[in-house]
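Student: File name start_33.txt; file contents compact mmCIF, C-alpha atoms; full text below.
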```txt
# COMPACT_ATOMS: atom_id res chain seq x y z
CA MET A 244 -43.65 -6.71 30.90
CA ALA A 245 -42.26 -3.79 32.89
CA THR A 246 -39.64 -6.08 34.41
CA SER A 247 -38.57 -7.28 30.96
CA ALA A 248 -38.25 -3.69 29.69
CA ALA A 249 -36.21 -2.73 32.73
CA ALA A 250 -33.93 -5.72 32.20
CA SER A 251 -33.39 -4.78 28.55
CA ALA A 252 -32.56 -1.20 29.49
CA SER A 253 -30.05 -2.48 32.03
CA ILE A 254 -28.37 -4.71 29.45
CA LEU A 255 -28.01 -1.78 27.05
CA ALA A 256 -26.82 0.71 29.68
CA LYS A 257 -23.12 0.22 29.02
CA PRO A 258 -20.56 3.02 28.67
CA LEU A 259 -19.67 2.29 25.03
CA ILE A 260 -23.19 1.55 23.78
CA HIS A 261 -25.11 4.56 22.47
CA PHE A 262 -27.99 3.85 20.10
CA GLY A 263 -30.31 6.21 18.28
CA ARG A 264 -29.44 9.59 16.82
CA ARG A 265 -25.84 10.82 16.68
CA VAL A 266 -24.43 14.28 16.05
CA LEU A 267 -22.95 14.15 12.54
CA ASP A 268 -22.02 17.68 11.51
CA ARG A 269 -19.95 17.86 8.34
CA THR A 270 -18.28 21.12 9.39
CA ALA A 271 -18.02 23.24 12.52
CA PRO A 272 -21.11 25.34 13.34
CA GLY A 273 -21.08 28.68 11.54
CA THR A 274 -18.92 27.46 8.64
CA PRO A 275 -20.04 29.11 5.35
CA GLU A 276 -21.50 26.80 2.71
CA ALA A 277 -18.84 25.73 0.22
CA THR A 278 -19.35 26.21 -3.51
CA TYR A 279 -17.37 24.57 -6.32
CA ARG A 280 -17.00 25.69 -9.94
CA LEU A 281 -14.10 23.53 -11.15
CA LEU A 282 -14.95 20.13 -9.69
CA ASN A 283 -17.94 17.95 -8.95
CA VAL A 284 -18.44 16.60 -5.43
CA THR A 285 -20.46 13.41 -4.75
CA PRO A 286 -20.84 12.62 -1.03
CA LEU A 287 -20.31 9.02 0.13
CA THR A 288 -21.86 9.77 3.52
CA PRO A 289 -23.59 12.95 4.74
CA HIS A 290 -20.58 14.11 6.77
CA ILE A 291 -17.33 12.34 5.76
CA GLY A 292 -15.95 11.24 2.41
CA ALA A 293 -16.73 12.41 -1.12
CA GLU A 294 -15.75 11.40 -4.64
CA ILE A 295 -14.52 14.22 -6.84
CA SER A 296 -14.97 14.09 -10.60
CA GLY A 297 -14.29 16.44 -13.48
CA VAL A 298 -10.59 16.74 -12.61
CA ASP A 299 -7.61 15.10 -14.30
CA LEU A 300 -4.85 15.14 -11.70
CA ALA A 301 -2.23 14.74 -14.43
CA ASP A 302 -3.01 18.26 -15.65
CA PRO A 303 -1.37 21.30 -14.05
CA ILE A 304 -3.20 22.41 -10.89
CA GLY A 305 -3.90 26.13 -11.08
CA GLY A 306 -4.47 28.41 -8.12
CA ASP A 307 -8.29 28.36 -8.31
CA LEU A 308 -8.45 24.57 -8.57
CA ALA A 309 -5.96 24.21 -5.72
CA GLU A 310 -8.16 26.38 -3.50
CA GLU A 311 -11.26 24.31 -4.33
CA LEU A 312 -9.36 21.10 -3.57
CA ARG A 313 -8.28 22.51 -0.21
CA GLN A 314 -11.85 23.55 0.54
CA ALA A 315 -13.23 20.12 -0.40
CA LEU A 316 -10.78 18.39 1.90
CA LEU A 317 -11.66 20.68 4.81
CA GLU A 318 -15.35 20.02 4.21
CA TRP A 319 -15.25 16.24 3.65
CA LYS A 320 -12.03 15.22 5.49
CA VAL A 321 -11.21 12.59 2.86
CA VAL A 322 -11.76 12.88 -0.90
CA PHE A 323 -11.41 10.32 -3.68
CA PHE A 324 -10.64 10.37 -7.40
CA ARG A 325 -11.26 7.51 -9.85
CA ASP A 326 -9.59 6.60 -13.14
CA GLN A 327 -6.48 8.76 -12.82
CA HIS A 328 -4.70 6.63 -15.42
CA ALA A 329 -2.04 9.20 -16.39
CA PHE A 330 -1.21 9.98 -12.75
CA GLY A 331 2.51 9.43 -12.13
CA PRO A 332 5.01 10.27 -9.38
CA GLU A 333 5.49 13.83 -10.63
CA HIS A 334 1.73 14.41 -10.46
CA HIS A 335 1.63 12.77 -7.04
CA LEU A 336 4.20 15.27 -5.75
CA ALA A 337 2.43 18.20 -7.42
CA LEU A 338 -0.90 17.21 -5.85
CA ALA A 339 0.60 16.87 -2.37
CA ALA A 340 2.22 20.30 -2.82
CA VAL A 341 -1.25 21.86 -2.86
CA TRP A 342 -1.15 21.35 0.93
CA GLY A 343 2.56 21.41 1.77
CA GLU A 344 5.93 19.74 1.63
CA PRO A 345 6.34 15.92 1.60
CA GLU A 346 7.32 14.29 4.89
CA ALA A 347 9.11 10.94 5.01
CA ASN A 348 7.95 8.14 7.27
CA PRO A 349 11.11 6.67 8.84
CA PHE A 350 9.60 3.17 8.80
CA PHE A 351 8.26 3.00 5.23
CA PRO A 352 10.16 1.71 2.20
CA THR A 353 10.79 4.36 -0.43
CA GLY A 354 9.67 4.13 -4.02
CA ASP A 355 11.54 5.11 -7.15
CA THR A 356 10.81 8.81 -6.53
CA VAL A 357 12.11 10.77 -3.54
CA GLY A 358 9.24 11.59 -1.18
CA VAL A 359 7.02 8.73 -2.38
CA SER A 360 6.66 5.61 -0.22
CA ARG A 361 5.79 2.34 -1.95
CA LEU A 362 3.74 -0.08 0.15
CA ALA A 363 3.66 -3.52 -1.47
CA LYS A 364 1.82 -6.32 0.37
CA ASP A 365 1.54 -9.97 -0.63
CA ALA A 366 2.02 -13.47 0.77
CA MET A 367 5.56 -12.58 1.89
CA ALA A 368 4.85 -9.07 3.24
CA VAL A 369 1.60 -9.07 5.17
CA GLY A 370 -0.24 -5.76 5.63
CA ASN A 371 -0.14 -4.49 9.21
CA GLU A 372 -1.99 -1.17 8.86
CA ASN A 373 -5.28 -2.80 9.92
CA ILE A 374 -5.59 -0.81 13.13
CA TRP A 375 -7.22 2.59 13.60
CA HIS A 376 -4.46 5.18 13.58
CA SER A 377 -3.37 8.69 12.68
CA ASP A 378 -0.21 8.89 10.57
CA HIS A 379 2.91 10.19 12.32
CA SER A 380 1.19 11.11 15.59
CA PHE A 381 4.44 9.98 17.23
CA MET A 382 6.16 13.04 15.72
CA ALA A 383 6.29 16.51 17.26
CA ASP A 384 4.59 17.93 14.13
CA PRO A 385 2.26 15.15 12.91
CA ALA A 386 1.52 14.92 9.19
CA LEU A 387 -1.22 17.28 8.01
CA GLY A 388 -2.43 14.82 5.43
CA SER A 389 -1.64 11.99 3.06
CA VAL A 390 -2.11 11.33 -0.66
CA LEU A 391 -2.46 7.64 -1.52
CA ARG A 392 -2.54 6.11 -4.99
CA ALA A 393 -3.62 2.56 -5.84
CA VAL A 394 -1.07 0.94 -8.17
CA GLU A 395 -2.19 -2.70 -7.96
CA VAL A 396 -5.23 -3.97 -6.09
CA PRO A 397 -6.52 -7.46 -5.27
CA GLU A 398 -9.47 -8.91 -7.15
CA ALA A 399 -11.56 -8.53 -3.99
CA GLY A 400 -11.01 -6.82 -0.66
CA GLY A 401 -8.32 -4.37 0.38
CA ASP A 402 -10.68 -1.47 1.15
CA THR A 403 -9.70 1.39 3.46
CA MET A 404 -11.90 3.07 6.08
CA TRP A 405 -11.64 6.54 7.60
CA ALA A 406 -13.25 7.81 10.82
CA ASP A 407 -14.23 11.41 11.50
CA MET A 408 -12.63 12.41 14.81
CA GLY A 409 -14.67 15.61 14.96
CA ALA A 410 -17.80 13.48 15.10
CA ALA A 411 -16.08 11.22 17.63
CA TYR A 412 -15.51 14.23 19.88
CA ASP A 413 -18.97 15.73 19.33
CA ASN A 414 -20.68 12.54 20.50
CA LEU A 415 -18.81 12.20 23.80
CA SER A 416 -20.83 12.95 26.91
CA GLU A 417 -20.51 16.46 28.30
CA ALA A 418 -18.94 15.02 31.44
CA LEU A 419 -16.28 13.19 29.41
CA LYS A 420 -15.59 16.28 27.30
CA ALA A 421 -14.98 18.28 30.46
CA ARG A 422 -12.72 15.57 31.87
CA ILE A 423 -10.40 15.43 28.84
CA GLU A 424 -10.47 19.12 27.85
CA ASN A 425 -7.02 20.02 29.19
CA LEU A 426 -5.34 16.59 29.22
CA THR A 427 -2.32 15.65 27.16
CA ALA A 428 -1.20 12.21 26.03
CA VAL A 429 2.12 10.58 25.16
CA HIS A 430 2.57 9.31 21.59
CA ASP A 431 5.38 6.87 20.88
CA TRP A 432 6.41 4.64 17.96
CA VAL A 433 8.30 2.07 20.04
CA PRO A 434 5.37 -0.21 21.08
CA SER A 435 4.38 -0.64 17.41
CA TRP A 436 7.30 -0.12 15.01
CA GLY A 437 9.83 -0.93 17.71
CA SER A 438 8.47 -4.46 18.04
CA LEU A 439 10.23 -5.24 14.74
CA MET A 440 13.61 -3.85 15.84
CA THR A 441 16.56 -4.74 18.02
CA GLU A 442 17.34 -2.73 21.14
CA GLU A 443 20.28 -1.15 19.34
CA GLN A 444 18.12 -0.07 16.41
CA ILE A 445 15.55 1.43 18.78
CA ALA A 446 18.23 3.35 20.69
CA ARG A 447 19.68 4.86 17.49
CA LEU A 448 16.30 5.97 16.17
CA ARG A 449 15.15 7.20 19.57
CA GLU A 450 17.75 9.99 19.42
CA ARG A 451 15.80 11.76 16.66
CA LEU A 452 12.33 10.40 17.43
CA PRO A 453 11.70 10.77 21.16
CA ALA A 454 8.24 10.23 22.63
CA VAL A 455 6.07 13.36 22.27
CA GLU A 456 2.96 14.79 23.89
CA HIS A 457 -0.16 16.15 22.17
CA PRO A 458 -3.45 17.40 23.59
CA VAL A 459 -6.13 14.72 23.90
CA VAL A 460 -8.49 17.25 22.30
CA VAL A 461 -6.86 19.33 19.55
CA ARG A 462 -8.20 22.19 17.50
CA HIS A 463 -7.85 21.75 13.76
CA PRO A 464 -5.05 24.02 12.44
CA ARG A 465 -7.30 25.47 9.70
CA THR A 466 -10.89 25.26 10.97
CA GLY A 467 -10.45 25.38 14.74
CA ARG A 468 -12.87 22.46 15.15
CA LYS A 469 -12.33 20.29 18.22
CA LEU A 470 -11.08 16.77 17.42
CA LEU A 471 -10.38 13.71 19.54
CA TYR A 472 -6.67 12.97 19.07
CA VAL A 473 -5.70 9.59 20.51
CA ASN A 474 -5.12 6.38 18.57
CA GLU A 475 -4.47 2.74 19.39
CA PRO A 476 -0.93 2.03 18.14
CA PHE A 477 0.80 5.28 19.08
CA THR A 478 -0.94 6.82 22.12
CA THR A 479 0.64 5.10 25.10
CA ARG A 480 -0.64 6.94 28.16
CA ILE A 481 -2.46 10.06 29.37
CA THR A 482 -0.21 12.42 31.29
CA GLY A 483 -0.91 13.04 34.96
CA LEU A 484 -3.13 10.00 35.54
CA SER A 485 -2.26 6.75 37.27
CA ASP A 486 -1.50 3.80 35.02
CA ALA A 487 -4.92 2.29 35.74
CA GLU A 488 -6.82 5.56 35.18
CA SER A 489 -4.87 6.28 32.01
CA GLN A 490 -5.53 2.85 30.53
CA GLU A 491 -9.22 2.91 31.41
CA LEU A 492 -9.71 6.33 29.81
CA LEU A 493 -7.67 5.45 26.72
CA ASN A 494 -9.65 2.24 26.30
CA GLU A 495 -12.83 4.28 26.04
CA LEU A 496 -11.44 7.04 23.85
CA VAL A 497 -9.69 4.94 21.21
CA LEU A 498 -12.82 2.86 20.66
CA GLN A 499 -14.69 5.92 19.36
CA ALA A 500 -13.06 5.49 15.93
CA ARG A 501 -14.76 2.10 15.60
CA ILE A 502 -18.30 3.52 15.53
CA PRO A 503 -19.71 2.97 12.01
CA GLU A 504 -21.67 6.23 11.86
CA PHE A 505 -18.38 8.14 12.05
CA GLN A 506 -16.83 6.22 9.14
CA VAL A 507 -16.59 6.04 5.37
CA ARG A 508 -15.33 3.03 3.42
CA PHE A 509 -13.66 3.18 0.01
CA HIS A 510 -13.21 0.36 -2.47
CA TRP A 511 -9.99 0.82 -4.43
CA GLN A 512 -9.58 0.39 -8.16
CA PRO A 513 -6.31 0.75 -10.07
CA ASP A 514 -5.40 4.43 -10.40
CA SER A 515 -7.75 5.58 -7.67
CA VAL A 516 -6.36 8.38 -5.51
CA ALA A 517 -7.36 9.36 -1.96
CA ILE A 518 -6.40 12.46 -0.01
CA TRP A 519 -7.17 12.73 3.69
CA ASP A 520 -6.86 15.27 6.46
CA ASN A 521 -4.67 13.37 8.90
CA ILE A 522 -5.55 15.60 11.87
CA ALA A 523 -9.32 15.31 11.34
CA VAL A 524 -9.51 11.55 10.67
CA GLN A 525 -8.04 8.19 11.54
CA HIS A 526 -7.87 5.37 9.00
CA TYR A 527 -7.79 1.58 8.85
CA ALA A 528 -6.48 -0.48 5.92
CA ILE A 529 -8.55 -3.67 5.83
CA ASN A 530 -6.33 -6.74 5.54
CA ASP A 531 -8.81 -9.24 4.10
CA TYR A 532 -6.94 -9.90 0.84
CA TYR A 533 -4.00 -12.05 2.01
CA PRO A 534 -2.20 -13.69 0.18
CA ALA A 535 -3.17 -11.55 -2.83
CA ARG A 536 -1.01 -8.60 -3.85
CA ARG A 537 -1.82 -4.94 -3.09
CA VAL A 538 0.55 -2.10 -4.04
CA MET A 539 -0.01 1.51 -2.97
CA GLU A 540 2.10 4.66 -3.20
CA ARG A 541 1.84 7.33 -0.52
CA ILE A 542 3.05 10.85 0.21
CA ALA A 543 2.59 12.31 3.68
CA ILE A 544 2.33 16.09 3.98
CA ALA A 545 4.51 17.79 6.59
CA GLY A 546 2.65 19.00 9.64
CA VAL A 547 2.62 21.68 12.33
CA PRO A 548 2.51 21.57 16.15
CA LEU A 549 -0.96 20.80 17.49
CA SER A 550 -2.76 22.78 20.15
```
Starting from the file, give its structure as structure tokens.
Tutor:
Amino acid sequence: MATSAAASASILAKPLIHFGRRVLDRTAPGTPEATYRLLNVTPLTPHIGAEISGVDLADPIGGDLAEELRQALLEWKVVFFRDQHAFGPEHHLALAAVWGEPEANPFFPTGDTVGVSRLAKDAMAVGNENIWHSDHSFMADPALGSVLRAVEVPEAGGDTMWADMGAAYDNLSEALKARIENLTAVHDWVPSWGSLMTEEQIARLRERLPAVEHPVVVRHPRTGRKLLYVNEPFTTRITGLSDAESQELLNELVLQARIPEFQVRFHWQPDSVAIWDNIAVQHYAINDYYPARRVMERIAIAGVPLS
């Protein structure tokens, strides 16, 4: 019996397998409890993701409501609104403006309104966002957040997931935290978006979008909370390590986003709206609906340098 137990323990003693309790703090220690007067907050998990009701996003957003929306996003990292049937491009821009200026993605098709990207997927344009990633991490000032509206959704499937990268950091071993504390990593769009381009196209775009470096562990610009900041498509190597060491460490770090306890999953309906904190989370658009049609409209919010 003892031999069998020892064998089981050995099988489970793998670097990426951690079972039992996890640290799932919604906010950084010492953060005051948030209160809301103008909106209702319904958590989808204890630490990430909440649906907000009692707000019509087509109405003007006053200063008090804007502050409560900002607070809710800091607390829950991604928030959702249902049944925003009157929500149009002008409301989309006004909502994003609660956090900052719109930021264009150089690889996304534009919609009918400047600043709004239209992402239409069907049998001819297959969705390729089904990888854990942080928007615009390949830019010197990565997007602070994104506002996504569902225009047309498939009959089934097409959900999106978000992963809390504060929880991902909190649950690393103390030895691994110490190892990565002062490391930086290279982020580059070429291995992903560049795979669809010619060498000439890459060279032209490279002039204004060079590879950039960000800390492996960043502090959130508003809360100061430590976050793991590496992602699969855009983080290409860790600075100062050999190729083998860099790849081994990245392999372990990027997998943290895949742990279900760190995630929330949202099922879209027409006229649902999601807002997420792009520094605090990564996201994954599930591509299980092909060849059905899925149309979304997105605004990214301009960012700041990370430290």
Student: Check the smallest atom-to-atom distance from each of A:Phe351, A:Phe323, A:Tyr532, A:Trp519 to Leu387 in chain A using all atoms listed in the file, then report the winner.
Tutor: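 That would be A:Trp519, the residue with the smallest distance to Leu387 in chain A.
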Student: May I ask which of the residues A:Leu317, A:Val507, A:Ala545, A:Leu493 is the closest one to Pro286 in chain A, counting only C-alpha atoms?
Tutor: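 That would be A:Val507, the residue with the smallest distance to Pro286 in chain A.
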Student: Could you please determine the separation between CA of Glu344 in chain A and CA of Asp520 in chain A in Å, to one decimal place?
Tutor: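 Going from CA of Glu344 in chain A over to CA of Asp520 in chain A covers 14.4 Å.
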Student: Considering all atoms listed in the file, can you say which of A:Val473, A:Val524, A:Ala383, A:Ile518 comes closest to Arg451 in chain A?
Tutor: A:Ala383
Student: Nearest to Asp307 in chain A among A:Trp511, A:Trp319, A:Tyr279, A:Phe350, with distances taken over only C-alpha atoms: which residue is it?
Tutor: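 Under the stated criterion, the closest residue is A:Tyr279.
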Student: Looking at all atoms listed in the file, which of A:Ile502, A:Gly467, A:Phe509, A:Ile544 is the one that sits closest to Ala340 in chain A?
Tutor: A:Ile544
Student: Between CA of Leu496 in chain A and CA of Tyr527 in chain A, what distance in Å does the model show, to one decimal?
Tutor: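 These atoms are spaced 16.4 Å apart.
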